[in-house]
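Reading through the structure tokens given below for one structure.
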Amino acid sequence: MYRTRLVKLTPRARFGTVCLHAGQEPDPSTGAIITPIYQTSTYVQDELGKHKGFEYGRTQNPTRLALERNIAAIESGKAAFAFASGMAAIGAIATMLQSGDHVIVSDNTYGGTFRLFDKVLTRYQITFSYVDTSRLDAVERAITSATRMLFVETPTNPIMTLTDLRAAADLAHRHDLRLVVDNTFASPYVQRPIEFGADLVTHSTTKYLNGHSDSVGGVVVAVRDDDIEWLKFVQNAEGAILSPFDSWLVLRGTKTLPLRMVQHSANGLALAQFLAGHPHVRRVYYPGLPTHPQYELAKRQMRGFGGMLAFDVGSLEAARAVLNNVRLHALAESLGGVETLISHPATMTHASVPADRRAALGITEGMVRISAGIEDIEDLKEDLEQALAKIAVAAGI
Ligand SMILES: Cc1ncc(COP(=O)(O)O)c(C=O)c1O
């Protein structure tokens, strides 16, 4: 009942307004403009069988509910469910599958997703095909009578390959499959998969939605009533819920999502352009460069091109020289925070991916990934410039 309550926004409200206000009304008991952290495990009932829609903290929490309504609106979905991590959210989606089912997954999916699918779900006789989902002919060929789901990431990490979301949704629906999109990398400011026809969207809220590198969480956004019923049931049944404090942090983060994403995208593009013109850089991966093979698709389906980019300096030694000499770029896993992070996919985020698979995906030892933050771009460029200069020093040039 409470999940379908309407927010106070008009249907015309624009994205920035939706991010700020959706799901939140002044606190009914005090008028507090910010949804409080309801740090409670249970709720006192008025009389037997009569309560205010809240019975027990795992099942319902007002702070989590405000966040869920907020993200559902931001992603143009009908309902959202918040979990303790991005992986817990993907785990909840996985419960929609049954033994014998088959799933087609973007071949370059996040390593943790691959690990969950490959090491855990295969134990339950669920099978997976890893396909380059930028090639929908290949996806179509992989569909069998057991296929139930197409699980896509676009752009992929760190190669930045795109999947045409509208075409993928059409293909999925022609074959009666659910299209699931992990939208963590782009953020809903940059693209909203449900508007292209996706059935389910998931995020690691740890990244852009929270945006401040101080919370771990996940969310699933759904549109179909049967999916909503099931996810609501599973969230309570499995219990991997987002805490009230983390819900509050993410809710605080989504208020500034549009402002942050404008700056992340501007810095991402500026760094990509800077790197593309640098003599020590062999290749740059960023969908906002006209040299990206899917630049036209990027312009069609993304607003701005996001803050994620990768570049290749040719060898592990050269990558090491860059990574060990940056000062402002923080050497760290993760992405989507206001601070710029730099990492080495082959030995960090993708270390659990077997070497031959990494090579097939194009993840070389000379590849460096950047999550562009919102610092002044000149400081970021200066930092990279001095670190890239160390490549020549390391090579004795
Ligand atoms: C694309 C993507 N999906 C899912 C996850 C998992 O999220 P979490 O670390 O919050 O469990 C990550 C984490 O890096 C990710 O990058």
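Order determines the names: the first chain of the structure tokens is A, the second B, and so forth; residues in each chain are numbered 1 upward, and ligands are numbered 1 upward as they are shown.
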
>> Could you list, as a PyMOL selection string, all protein and nucleic acid residues with an atom at most 9 Å from ligand 1, counting only C-alpha atoms and all ligand atoms?
In response: chain A and resi 84-90+109-113+153-154+156-157+182-185+202-207+215-218+333-335+349

> Which residues come within 6 Å of segment 369-382 of chain A, counting only C-alpha atoms, excluding same-chain residues fewer than 4 positions away, as an NGL selection string?
Replying inline: :A and (263-264 or 267-268 or 307-310 or 335 or 338-343)

>> Env of segment 314-316 of chain A: 7 Å cut, atoms = only C-alpha atoms, seq-sep filter 6 positions within chain, self excluded. Answer as an MDAnalysis selection string.
In response: chainID A and resid 282 365:366

Selection export as a PDB file, in the first residue's frame, atoms kept: N, CA and C atoms:
```pdb
ATOM      1  N   ARG A 282      48.895   5.185 -25.769  1.00  0.00           N
ATOM      2  CA  ARG A 282      48.660   4.503 -27.052  1.00  0.00           C
ATOM      3  C   ARG A 282      47.196   4.502 -27.456  1.00  0.00           C
ATOM      4  N   GLU A 365      48.038  -5.307 -19.674  1.00  0.00           N
ATOM      5  CA  GLU A 365      48.785  -4.932 -18.463  1.00  0.00           C
ATOM      6  C   GLU A 365      49.153  -3.452 -18.471  1.00  0.00           C
ATOM      7  N   GLY A 366      49.068  -2.839 -19.628  1.00  0.00           N
ATOM      8  CA  GLY A 366      49.404  -1.409 -19.725  1.00  0.00           C
ATOM      9  C   GLY A 366      48.186  -0.514 -19.566  1.00  0.00           C
TER      10      GLY A 366
END
```

> Can you list, as an NGL selection string, every protein, DNA or RNA residue that comes within 12 Å of Phe117 of chain A when you count only C-alpha atoms, leaving out same-chain residues fewer than 3 positions away?
Replying inline: :A and (87 or 90-91 or 93-95 or 97 or 102-105 or 109-114 or 120-130 or 151)

Write a file of the selected residues as a PDB file, in the first residue's frame, keeping N, CA and C atoms.
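Once everything was written out, this is out-v8.pdb:
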```
ATOM      1  N   MET A  87      26.246  -6.128  -4.788  1.00  0.00           N
ATOM      2  CA  MET A  87      26.186  -7.579  -5.028  1.00  0.00           C
ATOM      3  C   MET A  87      24.935  -8.191  -4.402  1.00  0.00           C
ATOM      4  N   ILE A  90      22.204  -7.609  -6.877  1.00  0.00           N
ATOM      5  CA  ILE A  90      22.277  -8.541  -8.012  1.00  0.00           C
ATOM      6  C   ILE A  90      21.871  -9.945  -7.544  1.00  0.00           C
ATOM      7  N   GLY A  91      22.243 -10.283  -6.316  1.00  0.00           N
ATOM      8  CA  GLY A  91      21.819 -11.576  -5.744  1.00  0.00           C
ATOM      9  C   GLY A  91      20.299 -11.676  -5.668  1.00  0.00           C
ATOM     10  N   ILE A  93      18.181 -10.154  -7.680  1.00  0.00           N
ATOM     11  CA  ILE A  93      17.708 -10.373  -9.062  1.00  0.00           C
ATOM     12  C   ILE A  93      17.872 -11.846  -9.430  1.00  0.00           C
ATOM     13  N   ALA A  94      18.977 -12.430  -8.977  1.00  0.00           N
ATOM     14  CA  ALA A  94      19.244 -13.838  -9.312  1.00  0.00           C
ATOM     15  C   ALA A  94      18.172 -14.774  -8.758  1.00  0.00           C
ATOM     16  N   THR A  95      17.497 -14.352  -7.692  1.00  0.00           N
ATOM     17  CA  THR A  95      16.456 -15.230  -7.128  1.00  0.00           C
ATOM     18  C   THR A  95      15.236 -15.318  -8.053  1.00  0.00           C
ATOM     19  N   LEU A  97      15.513 -16.397 -10.913  1.00  0.00           N
ATOM     20  CA  LEU A  97      15.824 -17.537 -11.779  1.00  0.00           C
ATOM     21  C   LEU A  97      15.552 -18.841 -11.058  1.00  0.00           C
ATOM     22  N   HIS A 102      18.739 -20.264 -18.148  1.00  0.00           N
ATOM     23  CA  HIS A 102      19.966 -19.804 -18.811  1.00  0.00           C
ATOM     24  C   HIS A 102      19.926 -18.280 -18.909  1.00  0.00           C
ATOM     25  N   VAL A 103      21.096 -17.672 -18.704  1.00  0.00           N
ATOM     26  CA  VAL A 103      21.193 -16.210 -18.723  1.00  0.00           C
ATOM     27  C   VAL A 103      22.304 -15.801 -19.697  1.00  0.00           C
ATOM     28  N   ILE A 104      22.047 -14.767 -20.469  1.00  0.00           N
ATOM     29  CA  ILE A 104      23.096 -14.199 -21.331  1.00  0.00           C
ATOM     30  C   ILE A 104      23.605 -12.926 -20.660  1.00  0.00           C
ATOM     31  N   VAL A 105      24.928 -12.843 -20.520  1.00  0.00           N
ATOM     32  CA  VAL A 105      25.552 -11.758 -19.748  1.00  0.00           C
ATOM     33  C   VAL A 105      26.582 -11.037 -20.622  1.00  0.00           C
ATOM     34  N   THR A 109      31.445  -8.163 -17.956  1.00  0.00           N
ATOM     35  CA  THR A 109      30.693  -7.724 -16.776  1.00  0.00           C
ATOM     36  C   THR A 109      31.622  -7.538 -15.560  1.00  0.00           C
ATOM     37  N   TYR A 110      31.174  -6.784 -14.584  1.00  0.00           N
ATOM     38  CA  TYR A 110      31.939  -6.560 -13.351  1.00  0.00           C
ATOM     39  C   TYR A 110      32.398  -7.910 -12.769  1.00  0.00           C
ATOM     40  N   GLY A 111      33.651  -7.977 -12.315  1.00  0.00           N
ATOM     41  CA  GLY A 111      34.235  -9.236 -11.841  1.00  0.00           C
ATOM     42  C   GLY A 111      33.429  -9.888 -10.731  1.00  0.00           C
ATOM     43  N   GLY A 112      32.850  -9.094  -9.845  1.00  0.00           N
ATOM     44  CA  GLY A 112      32.063  -9.645  -8.731  1.00  0.00           C
ATOM     45  C   GLY A 112      30.782 -10.295  -9.233  1.00  0.00           C
ATOM     46  N   THR A 113      30.218  -9.739 -10.283  1.00  0.00           N
ATOM     47  CA  THR A 113      29.014 -10.333 -10.874  1.00  0.00           C
ATOM     48  C   THR A 113      29.378 -11.665 -11.519  1.00  0.00           C
ATOM     49  N   PHE A 114      30.488 -11.672 -12.243  1.00  0.00           N
ATOM     50  CA  PHE A 114      30.973 -12.916 -12.862  1.00  0.00           C
ATOM     51  C   PHE A 114      31.215 -13.975 -11.777  1.00  0.00           C
ATOM     52  N   VAL A 120      28.804 -19.346  -7.745  1.00  0.00           N
ATOM     53  CA  VAL A 120      27.696 -19.624  -6.820  1.00  0.00           C
ATOM     54  C   VAL A 120      26.470 -20.149  -7.568  1.00  0.00           C
ATOM     55  N   LEU A 121      25.998 -19.398  -8.545  1.00  0.00           N
ATOM     56  CA  LEU A 121      24.713 -19.759  -9.167  1.00  0.00           C
ATOM     57  C   LEU A 121      24.798 -21.009 -10.035  1.00  0.00           C
ATOM     58  N   THR A 122      25.983 -21.291 -10.574  1.00  0.00           N
ATOM     59  CA  THR A 122      26.112 -22.529 -11.374  1.00  0.00           C
ATOM     60  C   THR A 122      25.907 -23.762 -10.476  1.00  0.00           C
ATOM     61  N   ARG A 123      26.079 -23.605  -9.162  1.00  0.00           N
ATOM     62  CA  ARG A 123      25.815 -24.727  -8.238  1.00  0.00           C
ATOM     63  C   ARG A 123      24.338 -25.081  -8.203  1.00  0.00           C
ATOM     64  N   TYR A 124      23.506 -24.160  -8.674  1.00  0.00           N
ATOM     65  CA  TYR A 124      22.059 -24.404  -8.665  1.00  0.00           C
ATOM     66  C   TYR A 124      21.538 -24.700 -10.075  1.00  0.00           C
ATOM     67  N   GLN A 125      22.432 -25.197 -10.921  1.00  0.00           N
ATOM     68  CA  GLN A 125      22.071 -25.599 -12.294  1.00  0.00           C
ATOM     69  C   GLN A 125      21.489 -24.433 -13.100  1.00  0.00           C
ATOM     70  N   ILE A 126      22.000 -23.250 -12.844  1.00  0.00           N
ATOM     71  CA  ILE A 126      21.680 -22.114 -13.706  1.00  0.00           C
ATOM     72  C   ILE A 126      22.903 -21.917 -14.602  1.00  0.00           C
ATOM     73  N   THR A 127      22.688 -21.723 -15.900  1.00  0.00           N
ATOM     74  CA  THR A 127      23.833 -21.618 -16.806  1.00  0.00           C
ATOM     75  C   THR A 127      23.919 -20.203 -17.392  1.00  0.00           C
ATOM     76  N   PHE A 128      25.143 -19.836 -17.771  1.00  0.00           N
ATOM     77  CA  PHE A 128      25.419 -18.468 -18.238  1.00  0.00           C
ATOM     78  C   PHE A 128      26.224 -18.510 -19.524  1.00  0.00           C
ATOM     79  N   SER A 129      25.879 -17.638 -20.464  1.00  0.00           N
ATOM     80  CA  SER A 129      26.712 -17.437 -21.652  1.00  0.00           C
ATOM     81  C   SER A 129      27.206 -16.006 -21.612  1.00  0.00           C
ATOM     82  N   TYR A 130      28.531 -15.833 -21.750  1.00  0.00           N
ATOM     83  CA  TYR A 130      29.125 -14.499 -21.720  1.00  0.00           C
ATOM     84  C   TYR A 130      29.348 -14.054 -23.170  1.00  0.00           C
ATOM     85  N   PHE A 151      21.470  -9.929 -19.224  1.00  0.00           N
ATOM     86  CA  PHE A 151      22.042  -9.087 -18.164  1.00  0.00           C
ATOM     87  C   PHE A 151      23.171  -8.262 -18.778  1.00  0.00           C
TER      88      PHE A 151
END
```

>> DSSP on the backbone: which residues in segment 191-370 of chain A end up as alpha helix (DSSP H)? Give the answer as JSON, numbers by chain.
In response: {"A": [225, 226, 227, 228, 229, 230, 231, 232, 233, 234, 235, 236, 237, 238, 244, 245, 246, 247, 248, 249, 250, 251, 252, 253, 254, 255, 257, 258, 259, 260, 261, 262, 263, 264, 265, 266, 267, 268, 269, 270, 271, 272, 273, 274, 275, 276, 295, 296, 297, 298, 299, 300, 301, 316, 317, 318, 319, 320, 321, 322, 323, 324, 325, 355, 356, 357, 358, 359, 360, 361]}

>> Applying 12 Å and only C-alpha atoms, which residues near Arg358 of chain A remain after dropping the ones on its own chain fewer than 2 positions away? List them as a ChimeraX atom specification.
In response: /A:107-109,111,157-159,345-347,349-356,360-365,367

> Quick one: distance from atom CA of Ala222 of chain A to atom CA of Ala66 of chain A in Å, one decimal?
Replying inline: 16.0 Å

> Of the residues A:Gly304, A:Gly16, A:Pro293, A:Gly336, which is the one nearest to Thr161 of chain A, using only C-alpha atoms?
Replying inline: A:Pro293

> If you measure from atom CA of Ala82 of chain A to atom CA of Asp170 of chain A, what distance in Å do you get, rounded to one decimal?
Replying inline: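 One can read the atom CA of Ala82 of chain A to atom CA of Asp170 of chain A distance as 27.5 Å.
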
> Taking the backbone alone, and naming residues the way the document does, which bits of segment 206-383 of chain A are strand (DSSP E) by DSSP, as a PyMOL selection string?
Replying inline: chain A and resi 218-222+283-285+308-312+330-331+341-343+367-371

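The residue that comes closest to Leu165 of chain A, out of A:Thr256, A:Gly239, A:Arg300, A:Ala138 and on the basis of only C-alpha atoms, is A:Arg300.
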
>> Quick one: residues within 10 Å of Met96 of chain A, only C-alpha atoms, excluding same-chain residues fewer than 5 positions away - as a ChimeraX atom specification?
In response: /A:91,101,148-149,227,230-231,234

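Put simply, atom CA of Ile33 of chain A is 28.6 Å away from atom CA of Val201 of chain A.
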